[in-house]
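Engineer: Dropping a structure here in structure tokens format, bear with me for questions.
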Amino acid sequence: MGDERVKNEALEILGLFQLLPRLVVFDLDYTLWPFYCECRSKRDMPKLYPQAKGILHALKDKGVNLAIASRSPTPDIANTFLDKLGIKSMFVSQEIFSSWSHKTDHFQRINRRTRIPYNEMLFFDDEGRNIDAVSKMGVTSIFVGNGVNLGALRQGLSEFSQNHSPTDGKKQRQKSSKKSSSSETEDE
Ligand SMILES: [Mg+2]
């Protein structure tokens, strides 16, 4: 499927949802592209996953902001590749640095830079530990097993809107678990 066809399909999927995230954040290695960029040379010509570019353009068309959160130890290679792929300017925030945290500090920076609250963000990543840590911050976080694609986009938007529906069970559960833990402390 060509970029334009993917973009049109992505636009159709985006059109199914009344509420869209204000910001979509992508990991790089094994999310936007199928390799670890630390294992590559700056001279290489990188390729994205086949549906990634169309999805980025569709989100952009819909006015959704884009950002990157990557723990790559070689930000210089990552930046060169983003440049070569012609997508560098699409991202309002590019946080590419290695860190001990599972991207919570990346998201704090993104939040400071964009002023967009965590619960208005959607995140795609191929590592469960990042998904766990970032979703605890209130970001709708989607695990991708085979790079970002139309299926992951649809799943992400659907989980995002579920997290925002007034009858959402997850939020209620979070609230009540907070309440119960504070009342436990009071009891002690
Ligand atoms: Mg990755």
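So you can find residues: chains in the structure tokens are A, B, ... in the order shown, residues in each start at 1, and ligands are numbered from 1 in order.
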Kindly provide, as a ChimeraX atom specification, all nucleotide and amino acid residues lying within 7 Å of ligand 1, counting only C-alpha atoms and all ligand atoms.
Structural biologist: /A:27-31,125-127
Engineer: For the selection just defined, write its residues with C-alpha atoms to a file, as a short mmCIF file (atom, residue, chain, number, x, y, z; two decimals), in the first residue's frame.
Structural biologist:
data_model
loop_
_atom_site.label_atom_id
_atom_site.label_comp_id
_atom_site.auth_asym_id
_atom_site.auth_seq_id
_atom_site.Cartn_x
_atom_site.Cartn_y
_atom_site.Cartn_z
CA ASP A 27 9.07 5.67 19.97
CA LEU A 28 11.62 5.26 17.16
CA ASP A 29 13.35 1.84 17.18
CA TYR A 30 10.91 -0.94 16.28
CA THR A 31 7.99 1.49 16.37
CA ASP A 125 6.02 1.90 21.79
CA ASP A 126 7.29 -1.66 21.34
CA GLU A 127 8.46 -2.19 24.95
#
Engineer: Just the residues within 12 Å of Trp100 in chain A, please, counting only C-alpha atoms, with nothing from its chain fewer than 2 positions along; format it as a list in words.
Structural biologist: Arg71, Ser72, Pro73, Phe97, Ser98, His102, Lys103, Thr104, Asp105, His106, Arg129, Asn130 and Ala133 of chain A
Engineer: Would you please extract all helix (DSSP H, G or I) residues from range 6-178 of chain A, as assigned by DSSP on the backbone, and give them as a PyMOL selection string?
Structural biologist: chain A and resi 6-15+37-39+52-61+75-84+88-90+104-114+118-120+128-136+150-164+169-178
Engineer: Just give me the gap between CA of Leu122 in chain A and CA of Ala78 in chain A in Å, one decimal is fine.
Structural biologist: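 Value for the CA of Leu122 in chain A-CA of Ala78 in chain A distance: 21.4 Å.
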Engineer: Can you pull out the residues contacting Gln51 in chain A? Cut-off 12 Å, using only C-alpha atoms, and skip same-chain residues under 3 positions away; I want them as a PDB file with N, CA and C atoms, in the first residue's frame.
Structural biologist:
ATOM      1  N   MET A   1       0.852  -1.199   0.000  1.00  0.00           N
ATOM      2  CA  MET A   1       0.000   0.000   0.000  1.00  0.00           C
ATOM      3  C   MET A   1       0.883   1.244   0.000  1.00  0.00           C
ATOM      4  N   GLY A   2       0.634   2.165  -0.931  1.00  0.00           N
ATOM      5  CA  GLY A   2       1.457   3.378  -0.992  1.00  0.00           C
ATOM      6  C   GLY A   2       1.141   4.333   0.145  1.00  0.00           C
ATOM      7  N   ASP A   3       2.047   5.304   0.357  1.00  0.00           N
ATOM      8  CA  ASP A   3       1.869   6.279   1.442  1.00  0.00           C
ATOM      9  C   ASP A   3       0.517   6.993   1.362  1.00  0.00           C
ATOM     10  N   GLU A   4       0.136   7.348   0.114  1.00  0.00           N
ATOM     11  CA  GLU A   4      -1.097   8.136  -0.058  1.00  0.00           C
ATOM     12  C   GLU A   4      -2.325   7.306   0.329  1.00  0.00           C
ATOM     13  N   ARG A   5      -2.293   6.031  -0.039  1.00  0.00           N
ATOM     14  CA  ARG A   5      -3.437   5.155   0.285  1.00  0.00           C
ATOM     15  C   ARG A   5      -3.527   4.928   1.791  1.00  0.00           C
ATOM     16  N   VAL A   6      -2.370   4.727   2.419  1.00  0.00           N
ATOM     17  CA  VAL A   6      -2.345   4.551   3.880  1.00  0.00           C
ATOM     18  C   VAL A   6      -2.881   5.824   4.539  1.00  0.00           C
ATOM     19  N   LYS A   7      -2.424   6.968   4.037  1.00  0.00           N
ATOM     20  CA  LYS A   7      -2.867   8.238   4.616  1.00  0.00           C
ATOM     21  C   LYS A   7      -4.391   8.367   4.537  1.00  0.00           C
ATOM     22  N   ASN A   8      -4.957   8.032   3.369  1.00  0.00           N
ATOM     23  CA  ASN A   8      -6.413   8.122   3.226  1.00  0.00           C
ATOM     24  C   ASN A   8      -7.134   7.177   4.168  1.00  0.00           C
ATOM     25  N   GLU A   9      -6.596   5.967   4.306  1.00  0.00           N
ATOM     26  CA  GLU A   9      -7.219   5.018   5.252  1.00  0.00           C
ATOM     27  C   GLU A   9      -7.108   5.521   6.683  1.00  0.00           C
ATOM     28  N   ALA A  10      -5.938   6.095   7.005  1.00  0.00           N
ATOM     29  CA  ALA A  10      -5.737   6.636   8.352  1.00  0.00           C
ATOM     30  C   ALA A  10      -6.714   7.791   8.596  1.00  0.00           C
ATOM     31  N   THR A  31       9.339   0.920  16.358  1.00  0.00           N
ATOM     32  CA  THR A  31       7.991   1.494  16.365  1.00  0.00           C
ATOM     33  C   THR A  31       7.787   2.274  15.067  1.00  0.00           C
ATOM     34  N   LEU A  32       8.671   3.248  14.804  1.00  0.00           N
ATOM     35  CA  LEU A  32       8.587   3.954  13.519  1.00  0.00           C
ATOM     36  C   LEU A  32       9.453   3.287  12.453  1.00  0.00           C
ATOM     37  N   TRP A  33      10.614   2.726  12.915  1.00  0.00           N
ATOM     38  CA  TRP A  33      11.464   2.023  11.936  1.00  0.00           C
ATOM     39  C   TRP A  33      11.915   0.667  12.486  1.00  0.00           C
ATOM     40  N   PRO A  34      12.174  -0.286  11.566  1.00  0.00           N
ATOM     41  CA  PRO A  34      12.384  -1.679  12.002  1.00  0.00           C
ATOM     42  C   PRO A  34      13.843  -2.021  12.310  1.00  0.00           C
ATOM     43  N   LYS A  47      14.729   3.215   6.369  1.00  0.00           N
ATOM     44  CA  LYS A  47      13.349   3.081   5.896  1.00  0.00           C
ATOM     45  C   LYS A  47      12.437   2.990   7.097  1.00  0.00           C
ATOM     46  N   LEU A  48      11.256   3.590   6.984  1.00  0.00           N
ATOM     47  CA  LEU A  48      10.252   3.480   8.045  1.00  0.00           C
ATOM     48  C   LEU A  48       9.470   2.194   7.859  1.00  0.00           C
ATOM     49  N   GLY A  54       2.373   7.416   6.104  1.00  0.00           N
ATOM     50  CA  GLY A  54       0.978   7.778   5.816  1.00  0.00           C
ATOM     51  C   GLY A  54       0.236   8.153   7.087  1.00  0.00           C
ATOM     52  N   ILE A  55       0.516   7.434   8.171  1.00  0.00           N
ATOM     53  CA  ILE A  55      -0.147   7.706   9.453  1.00  0.00           C
ATOM     54  C   ILE A  55       0.302   9.061  10.003  1.00  0.00           C
ATOM     55  N   LEU A  56       1.601   9.339   9.940  1.00  0.00           N
ATOM     56  CA  LEU A  56       2.104  10.637  10.420  1.00  0.00           C
ATOM     57  C   LEU A  56       1.434  11.783   9.663  1.00  0.00           C
ATOM     58  N   HIS A  57       1.348  11.648   8.345  1.00  0.00           N
ATOM     59  CA  HIS A  57       0.758  12.725   7.541  1.00  0.00           C
ATOM     60  C   HIS A  57      -0.730  12.897   7.812  1.00  0.00           C
ATOM     61  N   ALA A  58      -1.424  11.798   8.020  1.00  0.00           N
ATOM     62  CA  ALA A  58      -2.862  11.893   8.315  1.00  0.00           C
ATOM     63  C   ALA A  58      -3.086  12.620   9.641  1.00  0.00           C
ATOM     64  N   ASN A 146       4.578  -4.980  15.834  1.00  0.00           N
ATOM     65  CA  ASN A 146       5.176  -5.070  14.501  1.00  0.00           C
ATOM     66  C   ASN A 146       5.239  -3.701  13.837  1.00  0.00           C
ATOM     67  N   GLY A 147       5.638  -2.724  14.621  1.00  0.00           N
ATOM     68  CA  GLY A 147       5.706  -1.357  14.092  1.00  0.00           C
ATOM     69  C   GLY A 147       4.349  -0.707  14.084  1.00  0.00           C
ATOM     70  N   VAL A 148       4.350   0.618  13.981  1.00  0.00           N
ATOM     71  CA  VAL A 148       3.075   1.323  13.987  1.00  0.00           C
ATOM     72  C   VAL A 148       2.378   1.071  12.647  1.00  0.00           C
ATOM     73  N   ASN A 149       1.089   0.742  12.724  1.00  0.00           N
ATOM     74  CA  ASN A 149       0.332   0.487  11.494  1.00  0.00           C
ATOM     75  C   ASN A 149      -1.122   0.908  11.717  1.00  0.00           C
ATOM     76  N   LEU A 150      -1.956   0.724  10.707  1.00  0.00           N
ATOM     77  CA  LEU A 150      -3.338   1.209  10.793  1.00  0.00           C
ATOM     78  C   LEU A 150      -4.105   0.526  11.920  1.00  0.00           C
ATOM     79  N   GLY A 151      -3.805  -0.744  12.155  1.00  0.00           N
ATOM     80  CA  GLY A 151      -4.458  -1.465  13.248  1.00  0.00           C
ATOM     81  C   GLY A 151      -4.122  -0.851  14.598  1.00  0.00           C
ATOM     82  N   ALA A 152      -2.841  -0.522  14.784  1.00  0.00           N
ATOM     83  CA  ALA A 152      -2.410   0.099  16.046  1.00  0.00           C
ATOM     84  C   ALA A 152      -3.046   1.481  16.196  1.00  0.00           C
ATOM     85  N   LEU A 153      -3.142   2.215  15.098  1.00  0.00           N
ATOM     86  CA  LEU A 153      -3.760   3.547  15.143  1.00  0.00           C
ATOM     87  C   LEU A 153      -5.215   3.446  15.600  1.00  0.00           C
TER      88      LEU A 153
END
Engineer: Quote the spacing between CA of Val24 in chain A and CA of Asp44 in chain A in Å to one decimal place.
Structural biologist: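 Interatomic distance here is 27.1 Å.
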Engineer: Got a sec to tell me which of chain A DSSP assigns to strand (DSSP E or B), as a list in words?
Structural biologist: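 Restricting chain A to strand (DSSP E or B) produces Leu23, Val24, Val25, Phe26, Asp29, Trp33, Asn65, Leu66, Ala67, Ile68, Ala69, Ser70, Phe91, Val92, Ser93, Gln94, Glu95, Ile96, Met121, Leu122, Phe123, Phe124, Asp125, Thr140, Ser141, Ile142 and Phe143 of chain A.
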Engineer: Give me, please, the distance in Å between CA of Pro21 in chain A and CA of Ser161 in chain A, quoted to one decimal.
Structural biologist: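 Rounded to one decimal, the two atoms are 8.5 Å apart.
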Engineer: Got a sec: who's within 7 Å of Ile68 in chain A, counting only C-alpha atoms, leaving out chain neighbours fewer than 3 positions off, as an NGL selection string?
Structural biologist: :A and (25-27 or 91 or 93-95)
Engineer: The selected residues should be written to file as a compact mmCIF listing (two decimals), in the first residue's frame (atoms: N, CA and C atoms).
Structural biologist:
# COMPACT_ATOMS: atom_id res chain seq x y z
N VAL A 25 2.62 10.57 20.48
CA VAL A 25 4.05 10.41 20.72
C VAL A 25 4.50 9.03 20.22
N PHE A 26 5.59 9.01 19.48
CA PHE A 26 6.10 7.75 18.94
C PHE A 26 7.50 7.45 19.48
N ASP A 27 7.72 6.18 19.79
CA ASP A 27 9.07 5.67 19.97
C ASP A 27 9.69 5.57 18.57
N PHE A 91 7.67 17.01 13.98
CA PHE A 91 7.53 16.76 15.42
C PHE A 91 7.74 18.03 16.24
N SER A 93 8.14 18.11 19.43
CA SER A 93 9.08 17.83 20.51
C SER A 93 9.78 16.52 20.18
N GLN A 94 11.12 16.53 20.25
CA GLN A 94 11.88 15.32 19.94
C GLN A 94 12.78 15.03 21.11
N GLU A 95 12.36 14.11 21.96
CA GLU A 95 13.15 13.75 23.14
C GLU A 95 13.87 12.45 22.86
Engineer: Can you work out which one of A:Cys37, A:Met137, A:Met90, A:Met121 has the shortest atom-to-atom distance to Lys60 in chain A, counting only C-alpha atoms?
Structural biologist: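 Result for the nearest residue to Lys60 in chain A: A:Met90.
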Engineer: Write out as a PyMOL selection string each polymer residue whose atoms come within 8 Å of Phe81 in chain A, counting only C-alpha atoms; drop sequence neighbours fewer than 6 positions from it.
Structural biologist: chain A and resi 42+45-46
Engineer: Could you dump the residues just selected with N, CA and C atoms as a PDB file, in the first residue's frame?
Structural biologist:
ATOM      1  N   LYS A  42      25.400   6.428  10.121  1.00  0.00           N
ATOM      2  CA  LYS A  42      24.739   7.649   9.646  1.00  0.00           C
ATOM      3  C   LYS A  42      24.652   7.684   8.121  1.00  0.00           C
ATOM      4  N   MET A  45      20.783   4.651   4.365  1.00  0.00           N
ATOM      5  CA  MET A  45      19.494   5.273   4.041  1.00  0.00           C
ATOM      6  C   MET A  45      18.411   4.473   4.766  1.00  0.00           C
ATOM      7  N   PRO A  46      17.821   5.060   5.811  1.00  0.00           N
ATOM      8  CA  PRO A  46      16.859   4.307   6.620  1.00  0.00           C
ATOM      9  C   PRO A  46      15.507   4.192   5.927  1.00  0.00           C
TER      10      PRO A  46
END
Engineer: Using only C-alpha atoms, find the one residue out of A:Ile77, A:Val92, A:Leu82, A:Ala69 that sits nearest to Gln108 in chain A.
Structural biologist: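 With only C-alpha atoms as the atom set, the closest residue is A:Ala69.
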